[in-house]
Structures are given as structure tokens and as C-alpha cells.
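Next comes entry01.cif, with mmCIF, C-alpha atoms and all ligand atoms.
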data_model
#
loop_
_atom_site.label_atom_id
_atom_site.label_comp_id
_atom_site.auth_asym_id
_atom_site.auth_seq_id
_atom_site.Cartn_x
_atom_site.Cartn_y
_atom_site.Cartn_z
CA MET A 1 117.96 110.58 58.17
CA THR A 2 116.26 107.42 59.31
CA ALA A 3 114.56 105.20 56.76
CA PRO A 4 110.76 105.34 56.94
CA ALA A 5 109.29 102.42 58.88
CA ALA A 6 107.90 99.64 56.72
CA ALA A 7 104.23 100.35 56.02
CA GLU A 8 101.94 98.41 58.30
CA HIS A 9 99.83 95.80 56.52
CA PRO A 10 96.21 97.04 56.60
CA GLY A 11 95.22 93.69 58.12
CA GLU A 12 97.74 94.12 60.93
CA ARG A 13 95.86 97.11 62.31
CA ILE A 14 92.64 95.13 62.37
CA TYR A 15 94.38 92.17 63.99
CA LYS A 16 95.79 94.40 66.71
CA HIS A 17 92.48 96.14 67.38
CA LEU A 18 90.23 93.11 67.31
CA CYS A 19 91.73 89.65 67.09
CA LEU A 20 94.71 90.13 69.38
CA ASN A 21 92.55 90.40 72.49
CA CYS A 22 91.71 86.75 72.19
CA HIS A 23 94.20 85.15 69.83
CA GLN A 24 97.09 87.07 71.49
CA PRO A 25 99.90 89.16 69.97
CA THR A 26 101.89 86.00 69.19
CA GLY A 27 98.89 84.30 67.56
CA ASN A 28 99.31 81.40 69.99
CA GLY A 29 95.91 81.92 71.63
CA LEU A 30 95.35 80.78 75.23
CA PRO A 31 95.37 77.05 76.01
CA GLY A 32 91.87 75.65 76.35
CA ILE A 33 90.23 79.05 75.80
CA TYR A 34 91.29 80.78 72.58
CA PRO A 35 92.62 78.64 69.73
CA PRO A 36 95.91 79.53 68.03
CA ILE A 37 96.36 81.21 64.66
CA VAL A 38 99.86 79.73 64.56
CA GLY A 39 99.70 76.21 63.13
CA SER A 40 95.94 76.43 62.52
CA GLU A 41 94.67 74.33 59.64
CA TRP A 42 91.60 76.63 59.43
CA VAL A 43 93.78 79.60 58.54
CA ALA A 44 95.75 77.71 55.92
CA ARG A 45 93.05 75.72 54.18
CA ASP A 46 89.60 76.42 52.71
CA LYS A 47 89.10 80.15 52.21
CA SER A 48 85.30 80.02 52.27
CA VAL A 49 85.21 78.35 55.70
CA LEU A 50 87.64 80.90 57.09
CA ILE A 51 85.65 83.81 55.62
CA ARG A 52 82.44 82.40 57.10
CA MET A 53 84.03 82.13 60.54
CA LEU A 54 84.51 85.91 60.54
CA LEU A 55 81.12 86.63 58.94
CA HIS A 56 79.11 84.48 61.33
CA GLY A 57 81.38 83.77 64.28
CA LEU A 58 81.98 80.30 65.63
CA ARG A 59 80.58 78.38 68.57
CA GLY A 60 81.01 74.87 69.93
CA PRO A 61 83.68 72.21 69.52
CA VAL A 62 86.39 72.83 66.96
CA THR A 63 89.74 71.07 66.67
CA VAL A 64 92.70 73.34 65.97
CA ALA A 65 96.25 72.03 65.59
CA GLY A 66 95.30 68.82 67.38
CA LYS A 67 93.52 70.42 70.36
CA THR A 68 89.77 70.76 70.85
CA PHE A 69 88.23 74.08 71.87
CA ASN A 70 84.63 74.57 72.85
CA ASN A 71 84.03 78.27 73.20
CA LEU A 72 82.49 81.15 71.28
CA MET A 73 83.79 83.71 68.81
CA PRO A 74 81.29 86.48 68.02
CA PRO A 75 80.74 87.55 64.38
CA SER A 76 83.48 90.07 63.52
CA GLY A 77 81.14 92.77 62.19
CA LEU A 78 83.85 93.74 59.68
CA SER A 79 83.31 94.87 56.06
CA ASP A 80 84.25 92.69 53.07
CA ARG A 81 87.44 94.69 52.60
CA GLN A 82 88.39 94.46 56.30
CA ILE A 83 87.78 90.70 56.40
CA ALA A 84 89.89 90.31 53.25
CA ASP A 85 92.69 92.42 54.76
CA VAL A 86 92.82 90.73 58.15
CA LEU A 87 92.62 87.23 56.67
CA THR A 88 95.31 88.05 54.10
CA TYR A 89 97.43 89.28 57.00
CA VAL A 90 96.99 86.15 59.15
CA ARG A 91 97.49 83.88 56.12
CA SER A 92 100.86 85.49 55.42
CA HIS A 93 102.11 85.89 59.02
CA PHE A 94 102.27 83.68 62.14
CA GLY A 95 104.21 81.12 60.11
CA HIS A 96 101.56 80.86 57.36
CA GLN A 97 102.30 81.17 53.67
CA SER A 98 98.85 80.96 52.14
CA SER A 99 97.37 83.02 49.34
CA ALA A 100 95.69 86.42 49.79
CA ILE A 101 91.91 86.82 50.11
CA THR A 102 90.13 89.55 48.14
CA ALA A 103 87.06 91.59 49.09
CA GLU A 104 85.27 89.95 46.12
CA GLU A 105 85.88 86.54 47.66
CA VAL A 106 84.16 87.71 50.85
CA GLN A 107 81.23 89.24 48.96
CA LEU A 108 79.99 85.96 47.53
CA PRO A 109 79.60 83.92 50.77
CA ARG A 110 78.10 86.99 52.46
CA LYS A 111 75.48 87.23 49.73
CA THR A 112 74.69 83.52 49.40
CA ASP A 113 74.42 83.09 53.18
CA ARG A 114 71.99 86.00 53.39
CA GLU A 115 69.79 84.36 50.78
CA ARG A 116 69.73 81.06 52.62
CA LYS A 117 67.20 80.56 55.36
CA ASP A 118 69.46 78.65 57.74
CA SER A 119 71.60 80.43 60.26
CA GLY A 120 75.22 81.34 59.80
CA ARG A 121 76.13 78.90 62.50
CA SER A 122 74.80 75.91 60.66
CA LEU A 123 76.49 77.11 57.48
CA VAL A 124 79.82 77.29 59.25
CA LEU A 125 79.25 73.86 60.74
CA GLU A 126 78.29 72.44 57.40
CA HIS A 127 81.47 73.77 55.88
CA ILE A 128 83.56 72.56 58.76
CA PHE A 129 81.95 69.17 58.36
CA ARG A 130 82.57 69.03 54.62
CA ASN A 131 86.10 70.20 55.22
CA ARG A 132 86.62 67.39 57.70
CA VAL A 133 85.25 64.82 55.31
CA ARG A 134 87.70 66.12 52.76
CA GLN A 135 90.51 65.89 55.30
CA ARG A 136 89.45 62.32 56.02
CA LEU A 137 89.55 61.44 52.37
CA GLY A 138 93.00 62.95 52.28
CA GLY A 139 94.01 60.58 55.08
CA PHE A 140 94.02 63.25 57.80
CA HIS A 141 92.64 61.84 60.99
CA HIS A 142 92.96 61.91 64.72
CA ALA A 143 91.04 60.47 67.60
CA GLU A 144 88.92 63.35 68.95
CA GLN A 145 87.44 64.13 65.57
CA GLY A 146 85.08 61.17 65.48
CA GLN A 147 83.19 62.59 68.43
CA ASP A 148 83.33 66.11 67.05
CA ASP A 149 81.90 65.06 63.72
CA GLN A 150 78.99 63.34 65.41
CA GLU A 151 78.19 66.50 67.31
CA VAL A 152 78.48 68.62 64.17
CA ARG A 153 76.12 66.28 62.32
CA GLU A 154 73.67 66.41 65.22
CA VAL A 155 73.63 70.23 65.28
CA ILE A 156 73.16 70.45 61.52
CA ARG A 157 70.29 67.96 61.71
CA ARG A 158 68.64 69.95 64.53
CA GLU A 159 69.06 73.29 62.81
CA GLN A 160 67.71 72.00 59.52
CA ALA A 161 64.69 70.24 61.03
C1 LIG A 201 86.25 87.45 71.83
C2 LIG A 201 87.40 86.65 71.48
C3 LIG A 201 87.74 86.53 70.01
C4 LIG A 201 87.98 87.52 69.09
C5 LIG A 201 87.89 89.03 69.30
C6 LIG A 201 88.35 86.85 67.86
N1 LIG A 201 88.32 85.49 68.03
FE1 LIG A 201 88.74 84.10 66.64
N2 LIG A 201 88.12 82.65 67.91
C7 LIG A 201 87.78 82.82 69.22
C8 LIG A 201 87.33 81.56 69.77
C9 LIG A 201 86.89 81.34 71.20
C10 LIG A 201 87.38 80.63 68.74
C11 LIG A 201 86.95 79.16 68.81
C12 LIG A 201 85.40 79.12 68.85
C13 LIG A 201 84.85 77.73 69.14
O1 LIG A 201 85.29 77.12 70.11
O2 LIG A 201 83.94 77.29 68.40
C14 LIG A 201 87.92 81.34 67.57
C15 LIG A 201 88.20 80.75 66.36
C16 LIG A 201 88.90 81.38 65.33
C17 LIG A 201 89.41 80.72 64.15
C18 LIG A 201 89.31 79.24 63.83
C19 LIG A 201 90.22 78.45 64.74
C20 LIG A 201 91.65 78.90 64.68
O3 LIG A 201 92.18 79.28 65.75
O4 LIG A 201 92.23 78.97 63.60
C21 LIG A 201 90.02 81.68 63.40
C22 LIG A 201 90.75 81.48 62.10
C23 LIG A 201 89.84 82.93 64.08
N3 LIG A 201 89.17 82.71 65.26
C24 LIG A 201 90.32 84.14 63.62
C25 LIG A 201 90.02 85.36 64.20
C26 LIG A 201 90.34 86.64 63.62
C27 LIG A 201 91.08 86.83 62.30
C28 LIG A 201 89.86 87.58 64.47
C29 LIG A 201 89.88 89.08 64.29
C30 LIG A 201 89.18 89.62 63.15
C31 LIG A 201 89.27 86.90 65.59
N4 LIG A 201 89.38 85.55 65.38
C32 LIG A 201 88.69 87.51 66.69
C33 LIG A 201 87.81 84.02 69.90
C34 LIG A 201 87.96 85.25 69.32
#

Go ahead and express the file in the form of C-alpha cells.
Ligand code: HEC
Amino acid sequence: MTAPAAAEHPGERIYKHLCLNCHQPTGNGLPGIYPPIVGSEWVARDKSVLIRMLLHGLRGPVTVAGKTFNNLMPPSGLSDRQIADVLTYVRSHFGHQSSAITAEEVQLPRKTDRERKDSGRSLVLEHIFRNRVRQRLGGFHHAEQGQDDQEVREVIRREQA
């Protein structure tokens, strides 16, 4: 008798069906087009930013593992549970060892963002911006970010006007 195959992580199925098309089976993305999951600070750090990227999608310049991408990811259209599962999966695979995300943790940003008037995009930008400021304060810095931050600030200003 052969041992039963290890149960697939529920997030793995979602990754294979949805994320893999762009971020690739290896999670390395495609240079200049799709950013990597491997080595991504966005996967490892602030949960609420990561959750919002899947709720609202992401567009415009973003620096991932030292490289800048300027493309578009559509909103995932996934449920709270599915977002929790796929993010828990990526945070514990592709070389990451970050904590799990629960469906409850997805529920809150989904609800608060719905109640706010501004678009998901500006919310994601705002969080990215705050995250960057935090990184700065923590001494994390590299050259391209100065320009990025200015653009982020500009978009937030425009969207809030
Ligand atoms: C249609 C292609 C596409 C699909 C499908 C897609 N992404 Fe993305 N993703 C992108 C692009 C492009 C960006 C960068 C957007 C930008 O330049 O602003 C991105 C950015 C990200 C980021 C932040 C940067 C990084 O690489 O860490 C994460 C995390 C992420 N995606 C996770 C996912 C997950 C999880 C899924 C599946 C639920 C998924 N993506 C599905 C194209 C895609």
C-alpha cells in the first residue's frame, strides 16, 4: 500500500488556479512584468497591506525585492476565507516563514474600506506609503524609492482632492 499523498494546502489550489499564471509556479514572477513572491517584503510584512492588495488589486510603481514594477494586478475577487487561505499559503511557502492570516483578519479591512469613500487604490497606496515610511524609520532605504514615494504621494493627493 502506498501512503496517502500529503493533503494539499487549501491555499495551494487557489495559488495554482489564479496566482500562478502571473507570479509563476516557482513564485519568481517574470522580470519587469510580474513581481516575485519569493523574497517579497510585501508578502512577509504588514498583513493589512497584503490583504488589501488582493481585495483591491494593485496598479502603478511598486518596489519588490529591490526591483521596481509598474504594471497592474486586478482585484482577486476571492472570498475572505479564500484570501486568508492563499495568503497563509504564500506566507509559509516560497521561502517565507510568516504567520497565518485568518478570514476574520480579511473581514475587517474589507468592511472598513467599503465604508470609506475613497477608492481601494488610494487605500492601498496609502498603506504602501505608510509602510514605506515605517521602513524608512527602520533604516530600510534604497535609491529608487525616493521617486516612488513622490509618485505615491501625488496619487493620494489627487485621489483625495
Ligand atoms: C493578471 C496577473 C496577476 C494575477 C492573476 C495575480 N497577480 Fe499579484 N501582481 C501582479 C502584478 C502585475 C503585480 C504588481 C502590480 C503593480 O505593478 O502595481 C502584482 C503584485 C502582487 C503582490 C505585491 C508584490 C509582490 O510581488 O509581492 C503580491 C503579494 C501579489 N501580487 C500576490 C498575488 C496573489 C496571492 C495572487 C493570487 C490570488 C495574485 N497576486 C494574482 C499580477 C498578478

Name the residues in contact with segment 69-74 of chain A at a cut-off of 12 Å, using all atoms listed in the file, excluding same-chain residues fewer than 2 positions from it; report them as a PyMOL selection string.
chain A and resi 18-19+21-23+29-36+52-67+76-78+120-121+144-145+148+151

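Our summary of the geometry notes that atom C3 of ligand LIG 201 (chain A) is positioned 9.5 Å from atom CA of Gln24 of chain A.
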
Segment 7-14 of chain A: which residues within 6 Å, counting all atoms listed in the file, same-chain residues fewer than 5 positions away excluded, as a PyMOL selection string?
chain A and resi 85-86+89

If you count all atoms listed in the file, which residues fall within 8 Å of Val43 of chain A, apart from same-chain ones fewer than 6 positions away, as an NGL selection string?
:A and (37 or 50 or 87 or 90-91 or 96)

Enter the distance from atom CA of Gln97 of chain A to atom CA of Gly27 of chain A, in Å, rounded to one decimal.
14.6 Å

Calculate how many Å separate atom C7 of ligand LIG 201 (chain A) from atom CA of Pro109 of chain A, rounding to one decimal.
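Straight-line distance from atom C7 of ligand LIG 201 (chain A) to atom CA of Pro109 of chain A works out to 20.2 Å.
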
Around the point (78.2, 93.2, 51.7), in the coordinates given by the file, pick out the residues reaching within 7 Å, counting only C-alpha atoms, and return them as a list in words.
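Answer for this query, in the requested form: Ser79, Asp80, Gln107, Arg110 and Lys111 of chain A.
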
Output of the above residues as an mmCIF file, in the frame of the given file, restricted to C-alpha atoms:
data_model
loop_
_atom_site.group_PDB
_atom_site.id
_atom_site.type_symbol
_atom_site.label_atom_id
_atom_site.label_comp_id
_atom_site.auth_asym_id
_atom_site.auth_seq_id
_atom_site.Cartn_x
_atom_site.Cartn_y
_atom_site.Cartn_z
ATOM 1 C CA SER A 79 83.310 94.870 56.060
ATOM 2 C CA ASP A 80 84.250 92.690 53.070
ATOM 3 C CA GLN A 107 81.230 89.240 48.960
ATOM 4 C CA ARG A 110 78.100 86.990 52.460
ATOM 5 C CA LYS A 111 75.480 87.230 49.730
#

Once you add 8 Å to each side, what are the centre and edge lengths of the axis-aligned box holding all listed atoms of ligand LIG 201 (chain A)? One decimal in Å, as AutoDock Vina command-line options, if you can.
--center_x 88.1 --center_y 83.4 --center_z 67.0 --size_x 24.3 --size_y 28.5 --size_z 25.7

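Minimum atom-to-atom distances from A:Thr26, A:Ala6, A:Val49, A:Glu104 to ligand LIG 201 (chain A) were compared using only C-alpha atoms and all ligand atoms, and the lowest value belongs to A:Val49.
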
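Distances from A:Thr112, A:Ala103, A:His93, A:Thr88 to Val38 of chain A were compared using all atoms listed in the file, and the smallest one belongs to A:His93.
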